[in-house]
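Novice: Provided herewith is a single structure, encoded as structure tokens, for subsequent inquiry.
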Amino acid sequence: MAEDGSAQRSTWPLPKFYFSVDISGIGENLKFQEVTGLDIESQIIEYRTGASKTFSTIKMPGIVKSGNVTLKKGVFVKDSKFWDWFSERKLNQIKRRTVTIKLMDESGKPTMTWTLANALPTKITSTDLKSDGNEIAVESMEIAHEG
């Protein structure tokens, strides 16, 4: 008996190569080679009441902490959007922006979305230079955010 394939597609994990990034005030559907650091963790609070009859603590969830996100992209002539955003620090007027990262399915519909609130750049790493290399020039930007 032949199946239409929809049941089989729903059991496969999503590929991670089809994604888009939107940065408010900079652009939508920006193309990046890699996005890393989409992690979140909850600190653990160990607590023992004074009336506890056992010599062990209980563990409770504490403050939630998000790591910095790194965006990597190819270097293009006259494309200085990252550097312009980063250089706003000099005047102490840096704009915090909303960064939206979407993982797409094969039809281009977002299946997972990460929204980084109050994001600001903390580090830009320019490409490395090698006289015997044949790779494309890639720069990266590290972004801090508030969840």
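Scheme for the structure tokens: letters A, B, ... for chains in order shown; per-chain residue numbers from 1; ligand numbers from 1 in order shown.
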What residues in chain A get the DSSP label helix (DSSP H, G or I)? Please answer as a list in words.

Specialist: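 Residues meeting the helix (DSSP H, G or I) criterion: Ser6, Ala7, Gln8, Arg9, Ser10, Lys81, Phe82, Trp83, Asp84, Trp85, Phe86, Ser87, Glu88, Arg89, Lys90 and Leu91 of chain A.
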
Novice: Got a sec: who's within 6 Å of A:Val99, counting only C-alpha atoms, leaving out chain neighbours fewer than 3 positions off, as a PDB file with N, CA and C atoms, in the first residue's frame?

Specialist:
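Output file selection.pdb is given in full below:
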```
ATOM      1  N   ASP A  22      15.852  38.328  11.294  1.00  0.00           N
ATOM      2  CA  ASP A  22      15.361  39.702  11.166  1.00  0.00           C
ATOM      3  C   ASP A  22      15.931  40.512  12.321  1.00  0.00           C
ATOM      4  N   ILE A  23      16.495  41.681  12.011  1.00  0.00           N
ATOM      5  CA  ILE A  23      16.981  42.595  13.042  1.00  0.00           C
ATOM      6  C   ILE A  23      16.252  43.912  12.841  1.00  0.00           C
ATOM      7  N   THR A 115      13.005  34.902  19.682  1.00  0.00           N
ATOM      8  CA  THR A 115      12.989  36.353  19.684  1.00  0.00           C
ATOM      9  C   THR A 115      13.914  36.839  20.795  1.00  0.00           C
ATOM     10  N   LEU A 116      14.934  37.588  20.401  1.00  0.00           N
ATOM     11  CA  LEU A 116      15.908  38.123  21.348  1.00  0.00           C
ATOM     12  C   LEU A 116      15.536  39.565  21.654  1.00  0.00           C
TER      13      LEU A 116
END
```

Novice: So, counting only C-alpha atoms, which residue among A:Ala117, A:Leu38, A:Ile101, A:Ile136 is closest to A:Gly67?

Specialist: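 With only C-alpha atoms as the atom set, the closest residue is A:Leu38.
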
Novice: At what distance in Å, to one decimal, does atom CA of A:Arg97 lie from atom CA of A:Ser66?

Specialist: 16.1 Å

Novice: Quick one: everything within 12 Å of A:Ile44, counting only C-alpha atoms, minus sequence neighbours fewer than 2 positions away in the same chain. Send it as an MDAnalysis selection string.

Specialist: chainID A and resid 41:42 46:47 57:65

Novice: How would the residues just picked look written out with C-alpha atoms as an mmCIF file, in the first residue's frame?

Specialist:
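What landed in out.cif:
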```
data_model
loop_
_atom_site.group_PDB
_atom_site.id
_atom_site.type_symbol
_atom_site.label_atom_id
_atom_site.label_comp_id
_atom_site.auth_asym_id
_atom_site.auth_seq_id
_atom_site.Cartn_x
_atom_site.Cartn_y
_atom_site.Cartn_z
ATOM 1 C CA GLU A 41 19.589 27.998 31.557
ATOM 2 C CA SER A 42 18.028 28.253 34.975
ATOM 3 C CA GLU A 46 19.653 25.018 47.071
ATOM 4 C CA TYR A 47 17.553 25.577 50.155
ATOM 5 C CA THR A 57 18.791 20.590 50.605
ATOM 6 C CA ILE A 58 15.966 20.871 48.152
ATOM 7 C CA LYS A 59 16.637 22.346 44.745
ATOM 8 C CA MET A 60 14.475 25.117 43.373
ATOM 9 C CA PRO A 61 14.583 26.963 40.035
ATOM 10 C CA GLY A 62 16.302 30.312 40.209
ATOM 11 C CA ILE A 63 17.118 33.152 37.838
ATOM 12 C CA VAL A 64 16.996 32.369 34.120
ATOM 13 C CA LYS A 65 20.130 33.283 32.187
#
```

Novice: Enter the distance from atom CA of A:Phe32 to atom CA of A:Lys95, in Å, rounded to one decimal.

Specialist: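 Atom-to-atom, atom CA of A:Phe32 and atom CA of A:Lys95 are spaced 21.3 Å apart.
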
Novice: Do you know which residues are at most 12 Å from A:Gly25 counting only C-alpha atoms, after dropping those on the same chain fewer than 4 positions away, and could you put them as a list in words?

Specialist: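 Those residues are Leu30, Lys81, Phe82, Asp84, Trp85, Lys95, Arg96, Arg97, Thr98, Val99 and Ala119 of chain A.
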
Novice: Report, in Å with one decimal, the straight-line distance from atom CA of A:Pro13 to atom CA of A:Lys73.

Specialist: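 If I compute the distance from atom CA of A:Pro13 to atom CA of A:Lys73, I get 25.1 Å.
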
Novice: Set the distance at 9 Å and use only C-alpha atoms: which residues neighbour stretch 18-21 of chain A once local chain neighbours fewer than 5 positions away are removed? I'd like the list as a list of chain:residue names.

Specialist: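 With the cut-off at 9 Å, the set is A:Gly27, A:Glu28, A:Asn29, A:Leu30, A:Lys31, A:Phe32, A:Val99, A:Thr100, A:Ile101, A:Lys102, A:Leu103, A:Met104, A:Asp105, A:Glu106, A:Gly108, A:Pro110.
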
Novice: Keeping only N, CA and C atoms, take the residues you just selected and write them out as a PDB file, in the first residue's frame.

Specialist:
```
ATOM      1  N   GLY A  27      17.252  45.113   8.991  1.00  0.00           N
ATOM      2  CA  GLY A  27      16.731  44.411   7.822  1.00  0.00           C
ATOM      3  C   GLY A  27      15.983  43.147   8.182  1.00  0.00           C
ATOM      4  N   GLU A  28      15.209  42.682   7.218  1.00  0.00           N
ATOM      5  CA  GLU A  28      14.458  41.440   7.363  1.00  0.00           C
ATOM      6  C   GLU A  28      15.024  40.390   6.437  1.00  0.00           C
ATOM      7  N   ASN A  29      14.870  39.153   6.827  1.00  0.00           N
ATOM      8  CA  ASN A  29      15.310  38.007   6.041  1.00  0.00           C
ATOM      9  C   ASN A  29      16.793  38.128   5.664  1.00  0.00           C
ATOM     10  N   LEU A  30      17.597  38.511   6.653  1.00  0.00           N
ATOM     11  CA  LEU A  30      19.036  38.650   6.442  1.00  0.00           C
ATOM     12  C   LEU A  30      19.657  37.264   6.326  1.00  0.00           C
ATOM     13  N   LYS A  31      20.650  37.135   5.488  1.00  0.00           N
ATOM     14  CA  LYS A  31      21.279  35.841   5.229  1.00  0.00           C
ATOM     15  C   LYS A  31      22.532  35.685   6.079  1.00  0.00           C
ATOM     16  N   PHE A  32      22.585  34.604   6.812  1.00  0.00           N
ATOM     17  CA  PHE A  32      23.730  34.296   7.645  1.00  0.00           C
ATOM     18  C   PHE A  32      24.190  32.881   7.361  1.00  0.00           C
ATOM     19  N   VAL A  99      15.847  40.941  17.731  1.00  0.00           N
ATOM     20  CA  VAL A  99      16.371  40.010  16.737  1.00  0.00           C
ATOM     21  C   VAL A  99      15.456  38.795  16.731  1.00  0.00           C
ATOM     22  N   THR A 100      14.941  38.443  15.556  1.00  0.00           N
ATOM     23  CA  THR A 100      14.059  37.290  15.417  1.00  0.00           C
ATOM     24  C   THR A 100      14.724  36.268  14.507  1.00  0.00           C
ATOM     25  N   ILE A 101      14.873  35.052  15.004  1.00  0.00           N
ATOM     26  CA  ILE A 101      15.492  33.965  14.256  1.00  0.00           C
ATOM     27  C   ILE A 101      14.430  32.908  14.026  1.00  0.00           C
ATOM     28  N   LYS A 102      14.248  32.531  12.763  1.00  0.00           N
ATOM     29  CA  LYS A 102      13.201  31.564  12.416  1.00  0.00           C
ATOM     30  C   LYS A 102      13.811  30.355  11.724  1.00  0.00           C
ATOM     31  N   LEU A 103      13.455  29.182  12.206  1.00  0.00           N
ATOM     32  CA  LEU A 103      13.816  27.931  11.542  1.00  0.00           C
ATOM     33  C   LEU A 103      12.641  27.540  10.653  1.00  0.00           C
ATOM     34  N   MET A 104      12.915  27.340   9.362  1.00  0.00           N
ATOM     35  CA  MET A 104      11.856  27.103   8.379  1.00  0.00           C
ATOM     36  C   MET A 104      11.724  25.621   8.046  1.00  0.00           C
ATOM     37  N   ASP A 105      10.526  25.248   7.594  1.00  0.00           N
ATOM     38  CA  ASP A 105      10.356  23.909   7.035  1.00  0.00           C
ATOM     39  C   ASP A 105      10.625  23.978   5.534  1.00  0.00           C
ATOM     40  N   GLU A 106      10.440  22.865   4.838  1.00  0.00           N
ATOM     41  CA  GLU A 106      10.791  22.834   3.411  1.00  0.00           C
ATOM     42  C   GLU A 106       9.930  23.748   2.548  1.00  0.00           C
ATOM     43  N   GLY A 108       9.096  26.812   3.532  1.00  0.00           N
ATOM     44  CA  GLY A 108       9.428  28.194   3.867  1.00  0.00           C
ATOM     45  C   GLY A 108       8.620  28.765   5.009  1.00  0.00           C
ATOM     46  N   PRO A 110       7.819  29.267   8.977  1.00  0.00           N
ATOM     47  CA  PRO A 110       8.565  29.154  10.231  1.00  0.00           C
ATOM     48  C   PRO A 110       7.980  28.052  11.119  1.00  0.00           C
TER      49      PRO A 110
END
```
